[in-house]
Each structure stands twice: as structure tokens, then as C-alpha cells.
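Structure record follows, encoded as C-alpha cells.
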Amino acid sequence: SPIGDTLDFSDDGSRYAMMMNVAGRNDSGGLLIDGTLNNDLSPGLFGGTNWMNPTRNLYFKWSSHGKYLARMGRRADNSGGLFINERLAYPTTLQVMYPTFTPDGEHLFWLATVRATDRPQLDYMVYSDGAEIVRLRGDPFQGIKGNWTVDAKGVVTFVAVVDDSVKRFRVTPDADTNVARMAEESEARQAKELAEAAAAKKKAAEAAAAAKAKAEEERLAAAAKAKADYEAAVAAKKKAAEAAAAAKAKARADAAAAKARARADAAAAKARK
């Protein structure tokens, strides 16, 4: 069954989608797109809404011509963020607000929370087709209805606090970028990052294996040396013992011979008398 008031058509009426529940489950069953249930992603919600500035459908947003559907979600491998159709266009674990297509459907603006490098509080970043446009550290007036608007020429206008004043911004999308290119480049960038991470992991595993093998080689060499040293010590002790025994035996024999000679000499001297 449909979840709330989520049935939305693209502006040209060619596409439709709605969030669905599945019987027996408390969570969302997935997104029904043109009659086909898509549950590959765990659905997320866009931010930027409150009682002063309510948004009817926080699950997804159609482009005017129906070519693109923007939504928040997360894959089974826990990668997630802003998806354009089935492509992860903007990976994030933070909030994305005000996803707004230009009237021709070829460009997309949004506001997102991003981590600051010099303070614990989050900053805001305005994006156009995935490109960072302006970082905001003050109030972006999310609660004011009509603050974030796109005109017929595709120019987004909003106000935000900058330092101690309120400033108006008008952003025109870059003619050299568009939604399709953004999604393609984002996927290529993610694939490259995954490949680099896999290569780094493999290199680290190989280095760890080499270090382990070297440590084992050194352990075996040390054990062999210790064994050789022990055997040499035992042999030396045995040789010393044998030498000592031989010396003792010789000493006894020499003493006995000397005693015998002395007796013989005494006997010969007595006989001469």
C-alpha cells in the first residue's frame, strides 16, 4: 500500500512514483516507479522541512521531463547518499536539503550539511550538479518558506547569514555540466576510489605477509643458531670432560710409573749393598 501522500508525477506526466509498504513489515517496502517496485535501496529522507516550511514528499524528486529521479538511499554495502536514478551521485551520511531541478530538468541544486575542519559544528554547502558553490557557516533560513527558489532560467536564489549580515545569493548552473555528467563522473570517481582502496589493501596485505614471512625466517634462523650453539657447547663440554678424564688417567699412570721406578731403584740400591 502507498505510504502517505507520496504519489508524484513528473511535470510532463510521463513518469510516476510512490513509496510503498509491504504487508507484514513495519519499514518501507521500497519505491514503486512506473508500476515496478524498486527495493534495492534502503530509503532515506531529504531534510529542510519543518512546520513553518512543510514539504509534502521528502522521499524523492522528479525532473520536469521525467528522465531523472533524485532520492536519498543506502545500499546493502552501506554506501549511500543522494542517488540520481540508480547512480550514487553524492555520497554522504549527512543531510541533503532542497533538491531542486532547473525547469529544463538538466541541472540539480541542493543544500547539504558538511563537516567543518576547524570546529565541531557542521557547515552548509550549496551544490550545483555536484560542484561546491558556496560554504555557509551561518543560518541558511531553512524555516522560511520561499527562501530557496529557482526561476524560469534555472537560477537559484536564496539568502543566508554571512558573518554578521544577511546576504542574497543567485547561482546559475554551469553550462558545461549537467545531471547526467554529474552522475557519470561521480560513479567513475567512486570506482577509482574503490580500486585505489582495494590496491592499497592488497599492498598492505602483501607487506604484512612479507613481514610475517621475514619474521618467521628470522625466527627459524635464530632457532637454528641457538640449536647449533647449544650443540657446540655440549660438544665442547664433552670434549673438555674427556680431556680432563684423559689428563687424570695420565696423571695416575704417571704417578704409578714413578712409584714403580722408585721401588725398582730402591730394590737395586739394596742389592748393591
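Residues are referred to by chain and number: the chain letter is A, B, ... according to the order shown in the C-alpha cells, the number counts from 1 in that chain, and ligands are numbered separately from 1 in the order shown.
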Near Ser64 in chain A, within 6 Å and counting only C-alpha atoms, which residues show up once chain neighbours fewer than 6 positions away are dropped, as a list in words?
Ser10, Asp11 and Gly105 of chain A
Find the nearest atom pair between each residue of range 127-218 of chain A and range 80-97 of chain A for residues within 12 Å, count only C-alpha atoms, give distances in Å to one decimal, sort rows by chain and ascending number, and present the table as a tab-separated table.
residue	atom	partner	partner_atom	distance
A:Tyr127	CA	A:Tyr90	CA	10.0
A:Ser128	CA	A:Tyr90	CA	11.3
A:Asp129	CA	A:Ala89	CA	9.0
A:Gly130	CA	A:Tyr90	CA	6.9
A:Ala131	CA	A:Tyr90	CA	10.0
A:Glu132	CA	A:Tyr90	CA	11.3
A:Pro140	CA	A:Met97	CA	10.9
A:Phe141	CA	A:Met97	CA	11.9
A:Gln142	CA	A:Met97	CA	8.8
A:Gly143	CA	A:Met97	CA	11.7
A:Trp148	CA	A:Met97	CA	10.2
A:Asn178	CA	A:Ala89	CA	11.7
A:Val179	CA	A:Ile84	CA	8.0
A:Ala180	CA	A:Ile84	CA	8.5
A:Arg181	CA	A:Ala89	CA	9.7
A:Met182	CA	A:Ala89	CA	6.6
A:Ala183	CA	A:Ala89	CA	4.7
A:Glu184	CA	A:Ala89	CA	7.9
A:Glu185	CA	A:Ala89	CA	8.2
A:Ser186	CA	A:Ala89	CA	5.3
A:Glu187	CA	A:Leu88	CA	6.6
A:Ala188	CA	A:Ala89	CA	10.1
A:Arg189	CA	A:Ala89	CA	10.0
A:Gln190	CA	A:Leu88	CA	8.8
A:Ala191	CA	A:Leu88	CA	11.1
Show which residues sit within 7 Å of range 154-160 of chain A, as a list in words. Count only C-alpha atoms, and ignore same-chain residues fewer than 2 positions away.
Thr102, Pro103, Gly138, Asp139, Pro140, Phe141, Asn147, Trp148, Thr149, Val150, Asp151, Ala152, Val162, Val166, Lys167, Arg168, Phe169, Arg170, Val171 and Thr172 of chain A
Would you give me, as a PyMOL selection string, the residues in range 67-221 of chain A that DSSP reads as strand (DSSP E or B)?
chain A and resi 69-74+80-84+87-91+96-101+108-115+122-128+131-136+149-150+156-162+165-171
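Using only C-alpha atoms for every distance, the candidate list A:Ala175, A:Ala195, A:Ala251, A:Ala213 yields A:Ala175 as the residue closest to His107 in chain A.
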Between CA of Ser63 in chain A and CA of Thr49 in chain A, what distance in Å does the model show, to one decimal?
19.9 Å
Please return, as a VMD selection string, all residues of range 131-245 of chain A that DSSP assigns to helix (DSSP H, G or I) on the basis of the backbone.
chain A and resid 179 to 245
Could you tell me how far CA of Val161 in chain A lies from CA of Pro99 in chain A, in Å and to one decimal?
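Separating CA of Val161 in chain A from CA of Pro99 in chain A is a distance of 20.4 Å.
Proximity of A:Arg137, A:Lys225, A:Lys212, A:Lys273 to Pro120 in chain A, computed with only C-alpha atoms, is greatest for A:Arg137.
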Please provide the set of residues having any atom within 8 Å of range 34-47 of chain A, restricted to only C-alpha atoms, with same-chain residues fewer than 3 positions apart removed, written as a list in words.
Arg15, Tyr16, Ala17, Ser28, Gly29, Gly30, Leu31, Leu58, Tyr59, Phe60, Arg71, Met72, Gly73, Arg74, Arg75, Ala76, Gln95, Val96, Met97, Tyr98 and Pro99 of chain A
